[in-house]
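Each remark here refers to the structure printed beneath this line.
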Amino acid sequence: MDLFHTLQVGFSVPKPLIAARGQVKTVSVTLSDPSAPERPLQPGDFAAALDWWRDAGVDQQFSDAARDWLAPTTPAATATATAAAPVTAPPAQAPPMMRIGGAPANWPPDLASFTSWWLSEPSLDNGQVFDRIAPRGPAGAPLMIVVDHPEAGDSDRLLAGKQGKLVHAIIAALGMAPEQVYIASVLPRHMPLPDWQALTAAGLGDVTLHHVGLVAPQRLIAFGKHVSSLLGHDPAKSADPRLPFYRVGAGIPALAAPELTVLMARPRGKADLWRALLDWRDS
């Protein structure tokens, strides 16, 4: 019994009306009570009948004809289903990051002009030029120290806070004066949560390598895995991943050290770094 026949149960239908030529007659139905007066079919009658049968537990459509549920779907049905599938728009993509440093042909050719370029070049920081801190130190320094970004409280001098005190202690332990060492950061201002993956894709490593090439230090210490990674250090490609030594650019000996914040929080890390510095110095 299909749904149309189901709807008829509970109704009484009077004798069909025969319309004259060119005329249309309507059929009136009444509920199953024979004594109920005949009235025109109302819009809510079918809805009321469906609700009645639904409350009685009849809420599906039935048919007496057998159906093969394992039969393959016909091409027409497949095409209809495919056409009816909702079409979703592709996710919006973020605009590409500005290329850091711009065209390499326009980069400063010497260290003397690099400082002013570092403080004013918009592409180094998505157009922002405020709160930048310049690197400091001599060209051809015996040691170059590179950190991720200036300290939060730096204003006129790079690493002027607690991290700077730790760096100066390391310099003194190596038997050097602070003015002999070139100190730089790979980012021009303090950034608490840099997107290192995006910065690397935008060319930050190339700018950093260019900076190192202009300084031409005898040795280099990179504090932080992101900094050493920008400078070409990959422990997975090292002959001995436990050794943090590698070479930068044209063969400058380099040491991959933990971040300064990590060293300040872990005294044991300072001892490990000191042993590595001794091995590096004596090599």
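Letters A, B, ... mark the chains of the structure tokens in the order given; residue numbers begin at 1 per chain; ligand numbers begin at 1, in order shown.
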
Taking 3 positions as the minimum chain separation for residues in the same chain, which residues sit within 12 Å of segment 216-221 of chain A when counting only C-alpha atoms? Answer as a PyMOL selection string. chain A and resi 110-111+137-148+167+170-171+180-185+209-213+224-225+227-228+231+233+244-260+273+276-277+280-281

Distance criterion (only C-alpha atoms): nearest to Ala160 of chain A out of A:Arg136, A:Arg268, A:Arg99, A:Arg54: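 Checking each of A:Arg136, A:Arg268, A:Arg99, A:Arg54 against Ala160 of chain A, counting only C-alpha atoms, the winner is A:Arg136.
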
Could you tell me how far atom CA of Gln163 of chain A sits from atom CA of Met264 of chain A, in Å to one decimal place? 7.8 Å
